[in-house]
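Colleague: Here you go, this is final22.cif (mmCIF, C-alpha atoms).
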data_entry
loop_
_atom_site.label_atom_id
_atom_site.label_comp_id
_atom_site.auth_asym_id
_atom_site.auth_seq_id
_atom_site.Cartn_x
_atom_site.Cartn_y
_atom_site.Cartn_z
CA MET A 1 74.19 213.04 254.49
CA MET A 2 73.22 209.88 252.71
CA ASP A 3 73.73 206.65 254.56
CA TYR A 4 75.40 203.65 252.99
CA GLU A 5 72.12 201.85 252.39
CA SER A 6 70.72 204.81 250.50
CA GLN A 7 73.86 205.02 248.39
CA LEU A 8 73.45 201.35 247.44
CA ARG A 9 69.79 201.90 246.54
CA LEU A 10 70.80 204.86 244.42
CA GLN A 11 73.32 202.70 242.58
CA ALA A 12 70.67 199.99 242.12
CA CYS A 13 68.22 202.53 240.79
CA LEU A 14 70.76 203.79 238.32
CA ASP A 15 71.42 200.21 237.17
CA GLY A 16 67.68 199.59 236.81
CA GLU A 17 67.68 196.90 239.48
CA LEU A 18 64.90 198.31 241.64
CA ALA A 19 61.29 197.18 241.35
CA ALA A 20 58.98 199.66 239.68
CA GLN A 21 57.21 200.71 242.85
CA GLU A 22 60.41 200.99 244.79
CA ALA A 23 62.03 202.93 241.97
CA ALA A 24 59.13 205.38 241.95
CA GLN A 25 59.42 205.96 245.68
CA PHE A 26 63.13 206.41 245.40
CA GLU A 27 62.83 208.90 242.54
CA GLU A 28 60.30 210.86 244.58
CA ARG A 29 62.75 211.10 247.38
CA LEU A 30 65.52 211.92 244.96
CA ALA A 31 63.63 214.96 243.76
CA ASN A 32 63.83 216.47 247.24
CA ASP A 33 67.37 215.43 248.09
CA PRO A 34 70.12 217.56 246.48
CA GLU A 35 72.87 215.37 247.87
CA ALA A 36 71.37 212.29 246.30
CA GLN A 37 70.95 214.17 243.05
CA ALA A 38 74.60 215.18 243.10
CA LEU A 39 75.69 211.59 243.73
CA LEU A 40 73.44 210.33 240.97
CA GLY A 41 74.95 212.83 238.57
CA GLU A 42 78.43 211.77 239.55
CA LEU A 43 77.67 208.10 239.06
CA ARG A 44 76.11 208.73 235.64
CA MET A 45 79.15 210.71 234.58
CA THR A 46 81.48 207.95 235.76
CA ARG A 47 79.53 205.34 233.86
CA THR A 48 79.60 207.42 230.73
CA VAL A 49 83.33 207.98 231.00
CA LEU A 50 84.03 204.29 231.58
CA ALA A 51 81.79 203.23 228.73
CA GLY A 52 83.71 205.56 226.42
CA PHE A 53 86.97 203.94 227.32
CA GLU A 54 85.94 200.31 226.89
CA ALA A 55 88.42 198.53 224.67
CA GLY A 56 85.76 196.88 222.60
CA VAL A 57 87.87 193.91 221.69
CA LYS A 58 86.17 191.74 219.17
CA LEU A 59 87.07 188.22 218.19
CA PRO A 60 87.97 187.80 214.55
CA GLU A 61 85.96 184.59 214.62
CA SER A 62 82.80 183.39 216.22
CA PRO A 63 82.91 182.38 219.88
CA GLU A 64 81.93 178.83 218.96
CA PHE A 65 84.83 178.53 216.55
CA PHE A 66 87.20 180.05 219.12
CA TRP A 67 86.20 177.55 221.82
CA SER A 68 86.35 174.67 219.38
CA LYS A 69 89.97 175.57 218.66
CA ILE A 70 90.75 175.44 222.37
CA ARG A 71 89.05 172.06 222.71
CA ARG A 72 90.99 170.63 219.76
CA GLU A 73 94.27 171.83 221.25
CA ILE A 74 93.44 170.20 224.57
CA GLU A 75 92.60 166.94 222.85
CA ARG A 76 95.79 167.07 220.80
CA GLU A 77 98.01 167.37 223.93
CA PRO A 78 99.90 164.10 224.67
CA ARG A 79 98.68 162.29 227.75
CA SER A 80 101.80 162.73 229.86
CA VAL A 81 100.16 161.36 232.97
CA GLY A 82 99.32 158.09 231.22
CA ASP A 83 96.64 155.75 232.22
CA PRO A 84 94.81 157.30 235.16
CA ARG A 85 94.39 153.86 236.74
CA ARG A 86 98.14 153.30 236.59
CA GLY A 87 98.78 156.72 238.05
CA SER A 88 96.49 156.15 240.94
CA LEU A 89 98.07 152.74 241.60
CA PHE A 90 101.51 154.30 241.62
CA ALA A 91 100.28 157.05 243.91
CA ALA A 92 98.90 154.44 246.28
CA TRP A 93 102.20 152.54 246.24
CA ARG A 94 104.10 155.73 246.78
CA ARG A 95 101.93 156.68 249.69
CA TRP A 96 102.76 153.31 251.24
CA LEU A 97 106.38 153.10 250.23
CA VAL A 98 107.58 156.46 251.45
CA PRO A 99 106.62 155.96 255.11
CA ALA A 100 107.63 152.29 254.97
CA GLY A 101 111.00 153.24 253.52
CA ALA A 102 111.51 155.91 256.12
CA MET A 103 110.60 153.46 258.86
CA ALA A 104 112.99 150.85 257.45
CA ALA A 105 115.77 153.41 257.24
CA GLY A 106 115.10 154.44 260.83
CA MET A 107 115.16 150.83 261.97
CA ALA A 108 118.38 150.19 260.11
CA ALA A 109 119.96 153.24 261.70
CA VAL A 110 118.85 152.19 265.17
CA LEU A 111 120.11 148.66 264.66
CA LEU A 112 123.42 149.74 263.20
CA ILE A 113 123.96 152.30 265.93
CA GLY A 114 122.83 149.79 268.52
CA ARG A 115 125.35 147.29 267.22
CA SER A 116 128.20 149.75 267.27
CA GLU A 117 127.37 150.95 270.74
CA GLN A 118 128.41 148.45 273.30
CA GLY A 119 127.37 150.27 276.36
CA PRO A 120 129.07 152.67 278.65
CA GLU A 121 131.90 151.92 281.01
CA THR A 122 131.20 152.44 284.66
CA GLN A 123 133.07 151.40 287.68
CA THR A 124 132.19 151.40 291.32
CA SER A 125 134.85 150.63 293.81
CA LEU A 126 132.96 149.71 296.89
CA THR A 127 135.70 149.17 299.43
CA ASP A 128 138.80 150.36 297.64
CA SER A 129 139.18 154.08 297.14
CA GLY A 130 142.69 153.56 295.78
CA ALA A 131 141.59 151.53 292.76
CA PHE A 132 142.61 152.83 289.37
CA THR A 133 141.95 151.76 285.81
CA TYR A 134 144.46 151.41 283.01
CA HIS A 135 143.53 150.86 279.34
CA ASP A 136 145.92 149.34 276.86
CA PHE A 137 144.01 149.99 273.66
CA ALA A 138 146.55 148.22 271.46
CA ALA A 139 146.33 145.05 273.51
CA ARG A 140 142.57 145.53 274.05
CA THR A 141 143.09 145.10 277.73
CA THR A 142 141.55 146.91 280.68
CA LEU A 143 143.27 146.61 284.01
CA VAL A 144 141.69 147.60 287.29
CA TRP A 145 144.35 147.70 289.96
CA LEU A 146 143.12 147.48 293.51
CA SER A 147 144.89 148.14 296.73
CA TYR A 148 142.42 145.71 298.34
CA PRO A 149 142.84 143.80 300.55
CA ALA A 150 144.19 146.44 302.90
CA GLU A 151 146.82 145.08 305.20
CA GLU A 152 145.38 146.68 308.32
CA GLU A 153 142.00 145.21 307.57
CA LEU A 154 143.41 141.73 307.25
CA GLY A 155 145.60 141.88 310.29
CA GLY A 156 148.89 141.35 308.47
CA GLY A 157 148.57 137.61 308.11
CA GLU A 158 150.53 136.59 305.06
CA GLU A 159 148.04 133.94 304.09
CA ALA A 160 145.22 136.38 304.45
CA ASP A 161 146.81 139.18 302.51
CA THR A 162 145.79 137.98 299.12
CA LEU A 163 142.75 136.84 297.25
CA ASP A 164 144.39 133.80 295.74
CA MET B 1 108.47 165.11 238.01
CA ARG B 2 108.38 161.51 236.86
CA LEU B 3 112.09 161.13 237.51
CA GLN B 4 111.59 162.51 240.99
CA ALA B 5 108.84 160.02 241.64
CA ILE B 6 111.05 157.16 240.46
CA SER B 7 113.88 158.36 242.70
CA VAL B 8 111.57 158.44 245.68
CA CYS B 9 110.43 154.93 244.85
CA ARG B 10 114.01 153.67 244.50
CA LEU B 11 115.00 155.39 247.73
CA ALA B 12 112.14 153.75 249.52
CA TRP B 13 113.06 150.29 248.21
CA LEU B 14 116.70 150.88 249.07
CA SER B 15 115.71 151.79 252.61
CA VAL B 16 113.59 148.65 252.89
CA ALA B 17 116.52 146.60 251.63
CA VAL B 18 118.95 148.21 254.07
CA GLY B 19 116.52 147.71 256.92
CA GLY B 20 116.02 144.08 256.01
CA LEU B 21 119.75 143.52 255.66
CA ALA B 22 120.38 145.10 259.03
CA LEU B 23 117.76 142.84 260.57
CA ILE B 24 119.37 139.79 258.99
CA VAL B 25 122.94 140.73 259.76
CA SER B 26 122.20 142.15 263.15
CA PRO B 27 121.99 139.38 265.46
CA GLY B 28 119.22 139.53 267.62
CA GLY B 29 121.83 137.11 268.37
CA ALA B 30 124.78 139.25 269.31
CA ALA B 31 122.69 141.47 271.49
CA GLU B 32 120.86 138.64 273.22
CA ALA B 33 123.28 135.71 273.05
CA ASN B 34 124.85 133.79 275.88
CA LEU B 35 128.29 135.05 276.82
CA ARG B 36 130.84 132.36 277.38
CA LEU B 37 133.63 133.72 279.51
CA GLU B 38 136.85 132.36 280.80
CA ALA B 39 137.72 133.48 284.31
CA LEU B 40 141.24 132.95 285.57
CA LEU B 41 142.71 133.55 288.97
CA ILE B 42 146.40 134.19 288.41
CA TRP B 43 149.38 134.61 290.69
CA GLY B 44 152.14 136.88 289.46
CA THR B 45 155.65 136.33 290.77
CA ASN B 46 159.29 136.51 289.85
CA ASP B 47 159.80 132.89 290.86
CA THR B 48 160.18 130.56 287.99
CA HIS B 49 158.27 127.79 289.70
CA SER B 50 155.27 127.67 291.99
CA SER B 51 155.49 125.72 295.21
CA ASP B 52 152.12 124.20 294.36
CA PRO B 53 152.46 121.69 291.53
CA ALA B 54 148.81 122.26 290.67
CA HIS B 55 149.64 125.78 289.55
CA LYS B 56 150.23 125.77 285.82
CA PRO B 57 151.82 128.59 283.84
CA VAL B 58 149.35 130.76 281.97
CA THR B 59 148.79 130.22 278.26
CA PRO B 60 151.06 132.15 275.90
CA GLU B 61 148.09 134.35 274.94
CA VAL B 62 147.42 135.41 278.53
CA ARG B 63 151.13 135.71 279.23
CA LYS B 64 151.47 138.08 276.27
CA LYS B 65 148.60 140.18 277.56
CA LEU B 66 150.18 140.41 281.00
CA GLN B 67 153.64 141.12 279.67
CA GLU B 68 152.29 144.00 277.64
CA LEU B 69 151.27 145.68 280.88
CA PRO B 70 153.81 147.61 282.95
CA PHE B 71 154.41 144.92 285.56
CA LYS B 72 157.62 143.73 287.09
CA TRP B 73 156.64 140.08 287.40
CA THR B 74 158.09 137.54 285.06
CA SER B 75 156.00 134.48 285.81
CA TYR B 76 152.28 134.02 285.99
CA PHE B 77 150.57 130.87 287.27
CA VAL B 78 146.95 129.85 287.00
CA ILE B 79 145.50 129.20 290.44
CA ASN B 80 142.00 128.49 289.16
CA ARG B 81 140.19 128.53 285.86
CA LYS B 82 136.47 128.59 285.24
CA VAL B 83 134.51 128.84 282.03
CA LEU B 84 131.08 130.25 282.63
CA GLU B 85 128.18 130.84 280.35
CA VAL B 86 126.05 133.85 281.17
CA PRO B 87 122.59 134.03 279.61
CA PRO B 88 121.28 137.32 278.27
CA ARG B 89 120.25 139.60 281.11
CA GLY B 90 121.36 136.88 283.49
CA ALA B 91 124.15 136.67 286.02
CA VAL B 92 126.51 133.93 287.09
CA LYS B 93 128.62 133.89 290.21
CA VAL B 94 131.65 131.64 290.53
CA SER B 95 134.11 131.08 293.28
CA MET B 96 137.73 131.47 292.19
CA SER B 97 139.20 130.70 295.60
CA ASP B 98 138.12 130.52 299.21
CA LYS B 99 138.40 134.26 299.42
CA CYS B 100 137.62 135.37 295.92
CA ASP B 101 134.31 135.23 294.05
CA ILE B 102 133.27 136.94 290.90
CA GLU B 103 129.85 137.59 289.51
CA VAL B 104 129.27 138.43 285.89
CA LYS B 105 126.06 139.87 284.47
CA ASN B 106 125.38 139.76 280.76
CA LEU B 107 123.86 143.15 279.95
CA GLY B 108 123.60 142.40 276.22
CA ASN B 109 125.68 143.63 273.30
CA THR B 110 128.69 141.87 274.89
CA THR B 111 128.56 144.30 277.78
CA VAL B 112 129.27 142.77 281.16
CA GLU B 113 128.91 143.90 284.71
CA ALA B 114 131.69 142.22 286.64
CA SER B 115 131.66 142.20 290.41
CA LEU B 116 134.57 141.13 292.56
CA PHE B 117 134.00 139.78 296.03
CA GLY B 118 136.82 139.39 298.53
CA ARG B 119 135.93 137.37 301.57
CA ARG B 120 132.26 137.66 300.57
CA LYS B 121 132.61 141.43 300.61
CA HIS B 122 131.65 143.28 297.44
CA VAL B 123 134.89 144.99 296.52
CA LEU B 124 134.40 146.26 293.00
CA GLN B 125 131.77 146.49 290.31
CA ARG B 126 132.72 147.32 286.77
CA THR B 127 130.53 147.60 283.67
CA GLN B 128 132.14 147.57 280.26
CA PRO B 129 131.89 145.99 276.82
CA LEU B 130 133.85 142.77 276.59
CA PRO B 131 133.84 141.70 272.96
CA LYS B 132 135.91 138.79 271.73
CA GLY B 133 139.59 139.64 271.98
CA ASP B 134 139.14 142.10 274.83
CA THR B 135 140.37 141.29 278.29
CA LEU B 136 139.35 142.62 281.66
CA LEU B 137 141.95 142.26 284.36
CA LEU B 138 141.37 142.92 288.01
CA GLY B 139 144.51 142.80 290.07
CA GLY B 140 146.29 143.77 293.21
CA ASN B 141 149.34 143.19 295.35
CA ALA B 142 149.90 139.94 297.15
CA PRO B 143 152.40 139.04 299.90
CA ASN B 144 156.13 138.78 299.16
CA ALA B 145 155.99 141.30 296.34
CA THR B 146 153.77 139.09 294.26
CA SER B 147 150.38 139.82 292.74
CA TRP B 148 146.98 138.36 292.09
CA PHE B 149 144.85 138.79 289.00
CA VAL B 150 141.38 137.86 287.93
CA VAL B 151 141.18 137.71 284.15
CA LEU B 152 137.91 137.77 282.24
CA MET B 153 137.64 137.25 278.51
CA GLN B 154 135.36 135.62 276.01
CA THR B 155 136.17 132.07 275.04
CA GLU B 156 134.98 129.25 272.86
CA ALA B 157 136.10 126.66 275.40
CA PRO B 158 133.54 124.34 276.92
CA VAL B 159 131.99 125.29 280.21
CA THR B 160 134.04 123.76 283.00
CA SER B 161 131.83 123.88 285.98
CA GLU B 162 128.33 124.44 287.06
CA PRO B 163 128.38 127.97 288.39
CA GLN B 164 126.11 129.31 291.05
CA PRO B 165 123.41 131.55 289.65
CA GLY B 166 124.03 135.21 290.34
CA LYS B 167 121.72 137.52 292.19
#
Could you quickly redo this structure as structure tokens?
Modeller:
Amino acid sequence: MMDYESQLRLQACLDGELAAQEAAQFEERLANDPEAQALLGELRMTRTVLAGFEAGVKLPESPEFFWSKIRREIEREPRSVGDPRRGSLFAAWRRWLVPAGAMAAGMAAVLLIGRSEQGPETQTSLTDSGAFTYHDFAARTTLVWLSYPAEEELGGGEEADTLD
Amino acid sequence: MRLQAISVCRLAWLSVAVGGLALIVSPGGAAEANLRLEALLIWGTNDTHSSDPAHKPVTPEVRKKLQELPFKWTSYFVINRKVLEVPPRGAVKVSMSDKCDIEVKNLGNTTVEASLFGRRKHVLQRTQPLPKGDTLLLGGNAPNATSWFVVLMQTEAPVTSEPQPGK
């Protein structure tokens, strides 16, 4: 069985790509190798068949004239991009403006949110477990009612039983 | 394509403008300004007069606030009044009576941390926003079916006393 390298050399020989000495050696080997002969025959037949089916499209004009038409059409196209210097300047601005704009928008959002947020409400009642909180949203008033000072803690003295 | 590029450009400028406006309008001020607060120690009673002539009735504004709450008392007298100015991130402690002290910390953005001390004992600590117009009331029962209140609210009034610096 022919190896891949030999198959490639056979193809090269068929295409006339081998050096004269190498081609002679290969043809000598080919004479004694029926498998290689069969492959060569198959390749020749394939090439013949493909050559017979080539479309054979021919330009109605010379290649030079054809390419000159393409060039003229390109030159006739309006320059939609405009001045390349202007375009590059705009691109540079745009490269700068887009991140700057995004950063400004982010800052604005943070500031606006920061202004609207006024912090959480927390409450720690350190000595008074009976404290409760009442919100009057209409009056915008928060009341924390404490049971402190506890009477037992203060010993019942009337003067002592108040913070005022 | 060109229109899209112009829109991106306009959007970017708009964002810059909004950001700038927010910086101008937003007060590094409001977040980091001194808070001037009025602190009142109030006695609530059903008596029409206080035995102490130094006790003055509360202002109509404070009276209205108190009357809007579900209390039974009809009269409210100011025992002590302090106006304190709390610097940003700072704290000020004032004595409202022999037994009552309050400490207020300015946490920024008009948020305060108010601490109530009874007989030098830390009784309560409360953190909440206290913008202009809002009132924080701490209260409790007092002898003879009366009550005490500590009122905290923002004010424009001049500072009345030199408070002790807070912790």
Colleague: To one decimal place in Å, what is the distance between CA of Glu32 in chain B and CA of Asn106 in chain B?
Modeller: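 Atom-to-atom, CA of Glu32 in chain B and CA of Asn106 in chain B are spaced 8.9 Å apart.
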Colleague: Take the PyMOL selection byres ((chain A and resi 13-26) around 12), apply it to the structure above, and return the hits as an mmCIF file with C-alpha atoms, in the coordinates of the input.
Modeller:
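Writing the result to expr.cif gives the following:
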data_model
loop_
_atom_site.group_PDB
_atom_site.id
_atom_site.type_symbol
_atom_site.label_atom_id
_atom_site.label_comp_id
_atom_site.auth_asym_id
_atom_site.auth_seq_id
_atom_site.Cartn_x
_atom_site.Cartn_y
_atom_site.Cartn_z
ATOM 1 C CA SER A 6 70.720 204.810 250.500
ATOM 2 C CA GLN A 7 73.860 205.020 248.390
ATOM 3 C CA LEU A 8 73.450 201.350 247.440
ATOM 4 C CA ARG A 9 69.790 201.900 246.540
ATOM 5 C CA LEU A 10 70.800 204.860 244.420
ATOM 6 C CA GLN A 11 73.320 202.700 242.580
ATOM 7 C CA ALA A 12 70.670 199.990 242.120
ATOM 8 C CA GLU A 27 62.830 208.900 242.540
ATOM 9 C CA GLU A 28 60.300 210.860 244.580
ATOM 10 C CA ARG A 29 62.750 211.100 247.380
ATOM 11 C CA LEU A 30 65.520 211.920 244.960
ATOM 12 C CA ALA A 31 63.630 214.960 243.760
ATOM 13 C CA ASN A 32 63.830 216.470 247.240
ATOM 14 C CA ASP A 33 67.370 215.430 248.090
ATOM 15 C CA ALA A 36 71.370 212.290 246.300
ATOM 16 C CA GLN A 37 70.950 214.170 243.050
ATOM 17 C CA LEU A 39 75.690 211.590 243.730
ATOM 18 C CA LEU A 40 73.440 210.330 240.970
ATOM 19 C CA GLY A 41 74.950 212.830 238.570
ATOM 20 C CA GLU A 42 78.430 211.770 239.550
ATOM 21 C CA LEU A 43 77.670 208.100 239.060
ATOM 22 C CA ARG A 44 76.110 208.730 235.640
ATOM 23 C CA MET A 45 79.150 210.710 234.580
ATOM 24 C CA THR A 46 81.480 207.950 235.760
ATOM 25 C CA ARG A 47 79.530 205.340 233.860
#
Colleague: For this structure, which residues satisfy the selection - the PyMOL selection byres ((chain B and resi 124-133) around 10) - when it is evaluated on the file as given? I want them as JSON, numbers by chain.
Modeller: {"A": [117, 118, 119, 120, 121, 122, 123, 124, 125, 126, 127, 128, 131, 139, 140, 141, 142, 144, 146, 148], "B": [35, 36, 37, 102, 103, 104, 105, 106, 107, 108, 109, 110, 111, 112, 113, 114, 115, 116, 117, 118, 121, 122, 123, 134, 135, 136, 138, 152, 153, 154, 155, 156]}
Colleague: Please determine, counting all atoms listed in the file, which residue among A:Ile70, A:Ala105, A:Leu143, A:Val98 has the shortest atom-to-atom distance to Leu137 in chain B.
Modeller: A:Leu143
Colleague: Report, in Å to a single decimal, how far apart CA of Leu69 in chain B and CA of Asp136 in chain A are.
Modeller: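 Calculated distance between CA of Asp136 in chain A and CA of Leu69 in chain B is 7.6 Å.
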Colleague: Please, what is the axis-aligned box for every listed atom of range 65-73 of chain B with 4 Å on each side, as centre and edge lengths in Å to one decimal, as JSON?
Modeller:
{"center_x": 153.1, "center_y": 143.8, "center_z": 282.5, "size_x": 17.0, "size_y": 15.5, "size_z": 17.8}
Colleague: Counting all atoms listed in the file, figure out which residue out of B:Ser95, B:Thr146, B:Gly139, B:Val151 gets nearest to chain A.
Modeller: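 The answer is B:Gly139, which sits nearest to chain A.
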Colleague: Please indicate the distance in Å from CA of Leu40 in chain B to CA of Lys72 in chain B, rounded to one decimal place.
Modeller: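 Straight-line distance from CA of Leu40 in chain B to CA of Lys72 in chain B works out to 19.7 Å.
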Colleague: Quick one: residues within 12 Å of Phe71 in chain B, all atoms listed in the file counted, chain neighbours fewer than 2 positions away excluded, as a list in words?
Modeller: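 Selected residues are Leu143 and Trp145 of chain A; Gly44, Thr45, Asn46, Arg63, Lys64, Lys65, Leu66, Gln67, Glu68, Leu69, Trp73, Thr74, Ser75, Tyr76, Gly139, Gly140, Asn141, Ala145, Thr146, Ser147, Trp148 and Phe149 of chain B.
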Colleague: Which one of A:Ala104, A:Gly130, A:Lys69, A:Leu89 sits closest to chain B if you count all atoms listed in the file?
Modeller: A:Ala104
Colleague: Here is a test: counting only C-alpha atoms, which residue of A:Tyr4, A:Phe53, A:Trp96, A:Phe66 is nearest to chain B?
Modeller: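 Distance minimum relative to chain B lands on A:Trp96.
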Colleague: Identify which of the residues B:Trp43, B:Ala33, B:Asn144, B:Lys56 lies closest to Arg89 in chain B, counting only C-alpha atoms when measuring atom-to-atom distances.
Modeller: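 Smallest distance to Arg89 in chain B is found for B:Ala33.
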